[in-house]
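Only one structure is covered here, and it is reproduced in the block below.
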Amino acid sequence: MHIELLEDGRHLCEISHSSKSNWLTCRMLGYLQYKNKLVIPKALSNFESTALTQVYPPAAFGSALHEAIPYWSLTGDLEGAFNVFKDKYTVPLEEQSSNYYKESRGLAILTTYQGRYADSTGRDKQPIAHLRGADGTRIPLVEKTAKFIIYEDEKMVILYVAKLDRIVLDEKESNGVWVVDTKTTGSSIDPDGKWYQAQLRSDQYTGYTLTAAELYEDVLNVPVLGTIVDCIYTRRVVVAPSDMARYKIRRKKKAETALRESVAQVVREIIPVWNEEVIPTSNAPAACSMYSGCRYLPTCHTDPVIALENTKNIFCEPEEEKSNG
């Protein structure tokens, strides 16, 4: 998330699904994370032994798979995908205490994934879509960070930012493409279960579909049909094909209109806080224990003025931010 003032007096805001969700979860967290960019200084030894400064294995495991799977989907190179996973999984071997998040299990998931989704050539059954470059080269639509103007009025311009895992050709409908988003979860991936039903209620996939449609529909000359949720269940030690499923969420224009309106509403709330005309609140206990604990929890206070002052005394700006003046 970033906000700046344009020469015409309007605010330009870049916002993604995750930054929007973080803001709505806890305004103080959003303010400290996106506006102040505060981090825990390494000099504070009393924080070094807590989860606040450690890599969270489930998140790191999922992130590594997110990098390796599109690589395999594009190339069909399983050994190369192994190497991508090993390079991206940053949890040291000696700290991989959970059987669920060992490096070897990540490799087993990739092997099983290939067995489930590869065609007779060893490549993904749903091939990656490509753009044609000016020089005639084919550009794969993999791991693309894209942005477009989702809303604009006399006071603000909003750029919606989305990282698209990959865009694939439909294996049955020749005139269409899908955005594929890989999700790793420790919850059941049954389509009638709570986890997947929550995915259906999320506007994240609407954002992916709308972004792809705005940027690629005309140049590809085919419609964006929706998003495929590429689910991987990660809480079984012995990996099985049944731990994986691909569910299609078809594009809905009404949902896209609702997303534009909700993003605009959130940004209207953020701008006065960003300009420090309003102090954000931190009355969101649900956020305090997310992902092994909110990094700002040690300094949080019911009085937002005290919370902000305490936090600035303990946290510091990233070194790269300081060096840039």
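Residues are named by chain letter and number: chains run A, B, ... in the order of the structure tokens, numbers start at 1 in each chain, and ligands are numbered from 1 in the order shown.
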Item to check | Trp23 in chain A environment, 12 Å, only C-alpha atoms, sequence neighbours closer than 3 positions dropped, as a PyMOL selection string | outcome: chain A and resi 1+15-20+26-35+263+266-267+269-270+273-274+280-282+284+287
Export, as a PDB file, in the first residue's frame, the selected residues with C-alpha atoms.
```
ATOM      1  CA  MET A   1       0.000   0.000   0.000  1.00  0.00           C
ATOM      2  CA  ILE A  15      -3.651  -1.089  -2.834  1.00  0.00           C
ATOM      3  CA  SER A  16      -3.790  -4.879  -3.039  1.00  0.00           C
ATOM      4  CA  HIS A  17      -6.148  -7.479  -1.636  1.00  0.00           C
ATOM      5  CA  SER A  18      -3.724  -8.297   1.205  1.00  0.00           C
ATOM      6  CA  SER A  19      -3.104  -4.668   2.209  1.00  0.00           C
ATOM      7  CA  LYS A  20      -6.840  -3.962   2.085  1.00  0.00           C
ATOM      8  CA  CYS A  26      -6.583  -3.797  12.310  1.00  0.00           C
ATOM      9  CA  ARG A  27      -6.186  -0.134  11.371  1.00  0.00           C
ATOM     10  CA  MET A  28      -3.183   0.364  13.664  1.00  0.00           C
ATOM     11  CA  LEU A  29      -1.385  -2.615  12.106  1.00  0.00           C
ATOM     12  CA  GLY A  30      -2.048  -1.204   8.650  1.00  0.00           C
ATOM     13  CA  TYR A  31      -0.833   2.254   9.635  1.00  0.00           C
ATOM     14  CA  LEU A  32       2.412   1.012  11.187  1.00  0.00           C
ATOM     15  CA  GLN A  33       3.123  -1.515   8.462  1.00  0.00           C
ATOM     16  CA  TYR A  34       2.338   0.541   5.376  1.00  0.00           C
ATOM     17  CA  LYS A  35       2.712   4.185   6.396  1.00  0.00           C
ATOM     18  CA  VAL A 263     -11.867  -0.596  -2.517  1.00  0.00           C
ATOM     19  CA  VAL A 266     -11.545   1.629   2.192  1.00  0.00           C
ATOM     20  CA  VAL A 267      -9.225   4.173   0.558  1.00  0.00           C
ATOM     21  CA  GLU A 269     -10.999   5.819   5.187  1.00  0.00           C
ATOM     22  CA  ILE A 270      -7.228   5.394   4.788  1.00  0.00           C
ATOM     23  CA  VAL A 273      -5.075   8.419   8.553  1.00  0.00           C
ATOM     24  CA  TRP A 274      -2.228   8.436   6.032  1.00  0.00           C
ATOM     25  CA  PRO A 280      -5.975   4.798  13.765  1.00  0.00           C
ATOM     26  CA  THR A 281      -7.427   2.449  16.348  1.00  0.00           C
ATOM     27  CA  SER A 282      -6.085  -0.954  17.377  1.00  0.00           C
ATOM     28  CA  ALA A 284      -8.967  -5.771  16.714  1.00  0.00           C
ATOM     29  CA  ALA A 287      -5.495  -9.772  14.567  1.00  0.00           C
TER      30      ALA A 287
END
```
Item to check | DSSP alpha helix (DSSP H) residues within range 43-231 of chain A, as a VMD selection string | outcome: chain A and resid 45 to 48 57 to 75 78 to 88 103 to 117 194 to 201 204 to 220
For those residues, write C-alpha atoms to a file as an mmCIF file, in the first residue's frame.
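Result written to result-v7.cif:
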```cif
data_model
loop_
_atom_site.group_PDB
_atom_site.id
_atom_site.type_symbol
_atom_site.label_atom_id
_atom_site.label_comp_id
_atom_site.auth_asym_id
_atom_site.auth_seq_id
_atom_site.Cartn_x
_atom_site.Cartn_y
_atom_site.Cartn_z
ATOM 1 C CA SER A 45 17.805 -9.059 22.152
ATOM 2 C CA ASN A 46 14.611 -9.493 24.179
ATOM 3 C CA PHE A 47 12.722 -9.942 20.907
ATOM 4 C CA GLU A 48 15.202 -12.275 19.238
ATOM 5 C CA PRO A 57 7.478 -22.331 8.693
ATOM 6 C CA PRO A 58 3.961 -22.812 7.240
ATOM 7 C CA ALA A 59 4.148 -19.444 5.469
ATOM 8 C CA ALA A 60 7.711 -20.050 4.225
ATOM 9 C CA PHE A 61 6.745 -23.546 3.049
ATOM 10 C CA GLY A 62 3.741 -22.237 1.158
ATOM 11 C CA SER A 63 5.740 -19.380 -0.386
ATOM 12 C CA ALA A 64 8.387 -21.797 -1.673
ATOM 13 C CA LEU A 65 5.707 -23.983 -3.278
ATOM 14 C CA HIS A 66 4.185 -20.845 -4.818
ATOM 15 C CA GLU A 67 7.488 -20.230 -6.577
ATOM 16 C CA ALA A 68 8.172 -23.825 -7.610
ATOM 17 C CA ILE A 69 4.768 -24.830 -8.973
ATOM 18 C CA PRO A 70 4.501 -22.123 -11.694
ATOM 19 C CA TYR A 71 8.052 -23.021 -12.746
ATOM 20 C CA TRP A 72 7.038 -26.648 -13.239
ATOM 21 C CA SER A 73 3.751 -25.647 -14.904
ATOM 22 C CA LEU A 74 5.683 -23.596 -17.465
ATOM 23 C CA THR A 75 8.650 -25.896 -18.106
ATOM 24 C CA LEU A 78 10.455 -31.339 -12.063
ATOM 25 C CA GLU A 79 14.134 -31.311 -11.076
ATOM 26 C CA GLY A 80 14.256 -27.584 -11.763
ATOM 27 C CA ALA A 81 11.146 -27.112 -9.622
ATOM 28 C CA PHE A 82 12.902 -29.002 -6.802
ATOM 29 C CA ASN A 83 15.798 -26.561 -7.023
ATOM 30 C CA VAL A 84 13.461 -23.549 -6.964
ATOM 31 C CA PHE A 85 11.775 -24.915 -3.827
ATOM 32 C CA LYS A 86 15.095 -25.580 -2.076
ATOM 33 C CA ASP A 87 16.334 -22.104 -2.931
ATOM 34 C CA LYS A 88 13.184 -20.374 -1.687
ATOM 35 C CA GLU A 103 12.130 -29.850 2.745
ATOM 36 C CA SER A 104 11.753 -33.498 1.712
ATOM 37 C CA ARG A 105 7.991 -33.214 2.038
ATOM 38 C CA GLY A 106 7.944 -30.182 -0.213
ATOM 39 C CA LEU A 107 9.688 -32.257 -2.864
ATOM 40 C CA ALA A 108 7.140 -35.048 -2.342
ATOM 41 C CA ILE A 109 4.303 -32.571 -2.884
ATOM 42 C CA LEU A 110 5.857 -31.389 -6.153
ATOM 43 C CA THR A 111 6.278 -34.978 -7.367
ATOM 44 C CA THR A 112 2.668 -35.819 -6.509
ATOM 45 C CA TYR A 113 1.489 -32.559 -8.089
ATOM 46 C CA GLN A 114 3.176 -33.476 -11.363
ATOM 47 C CA GLY A 115 1.641 -36.946 -11.260
ATOM 48 C CA ARG A 116 -1.822 -35.456 -10.753
ATOM 49 C CA TYR A 117 -1.740 -32.647 -13.302
ATOM 50 C CA LYS A 194 -15.403 -24.297 5.790
ATOM 51 C CA TRP A 195 -12.070 -23.399 4.192
ATOM 52 C CA TYR A 196 -13.225 -23.541 0.579
ATOM 53 C CA GLN A 197 -16.550 -21.901 1.361
ATOM 54 C CA ALA A 198 -14.553 -19.023 2.870
ATOM 55 C CA GLN A 199 -12.567 -18.800 -0.383
ATOM 56 C CA LEU A 200 -15.820 -18.443 -2.293
ATOM 57 C CA ARG A 201 -16.773 -15.473 -0.108
ATOM 58 C CA GLN A 204 -9.452 -11.879 -3.741
ATOM 59 C CA TYR A 205 -10.326 -14.004 -6.767
ATOM 60 C CA THR A 206 -12.607 -11.326 -8.152
ATOM 61 C CA GLY A 207 -9.587 -9.027 -7.992
ATOM 62 C CA TYR A 208 -7.402 -11.521 -9.850
ATOM 63 C CA THR A 209 -9.974 -12.047 -12.578
ATOM 64 C CA LEU A 210 -10.675 -8.335 -12.991
ATOM 65 C CA THR A 211 -6.952 -7.493 -13.146
ATOM 66 C CA ALA A 212 -6.321 -10.124 -15.810
ATOM 67 C CA ALA A 213 -9.338 -8.979 -17.807
ATOM 68 C CA GLU A 214 -8.348 -5.302 -17.699
ATOM 69 C CA LEU A 215 -4.757 -5.947 -18.777
ATOM 70 C CA TYR A 216 -4.769 -9.047 -20.955
ATOM 71 C CA GLU A 217 -8.221 -9.706 -22.396
ATOM 72 C CA ASP A 218 -7.795 -7.411 -25.396
ATOM 73 C CA VAL A 219 -4.204 -8.389 -26.204
ATOM 74 C CA LEU A 220 -4.937 -12.115 -25.865
#
```
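Shortest atom-to-atom contact with Ile189 in chain A among A:Val142, A:Val91, A:Ile232, A:Leu164: A:Ile232, counting only C-alpha atoms.
Shortest atom-to-atom contact with Asn99 in chain A among A:Thr234, A:Thr185, A:Asn275, A:Asn175: A:Thr234, counting only C-alpha atoms.
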Item to check | Distance in Å - CA of Thr25 in chain A versus CA of Cys288 in chain A | outcome: 9.7 Å
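If you measure from each of A:Lys254, A:Arg246, A:Arg132, A:Lys155 to Cys13 in chain A using only C-alpha atoms, the closest one turns out to be A:Lys155.
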Item to check | Backbone DSSP call of strand (DSSP E) for range 51-273 of chain A, listed as a PyMOL selection string | outcome: chain A and resi 130-132+138-140+142-152+156-169+177-185+224-233+244-250
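The closest residue to Ile150 in chain A, picked from A:Ala245, A:Val278, A:Val224, A:Ala258 and counting only C-alpha atoms, is A:Ala258.
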Checklist entry - Do you have the CA of Thr137 in chain A-CA of Val180 in chain A distance handy? => result 23.0 Å
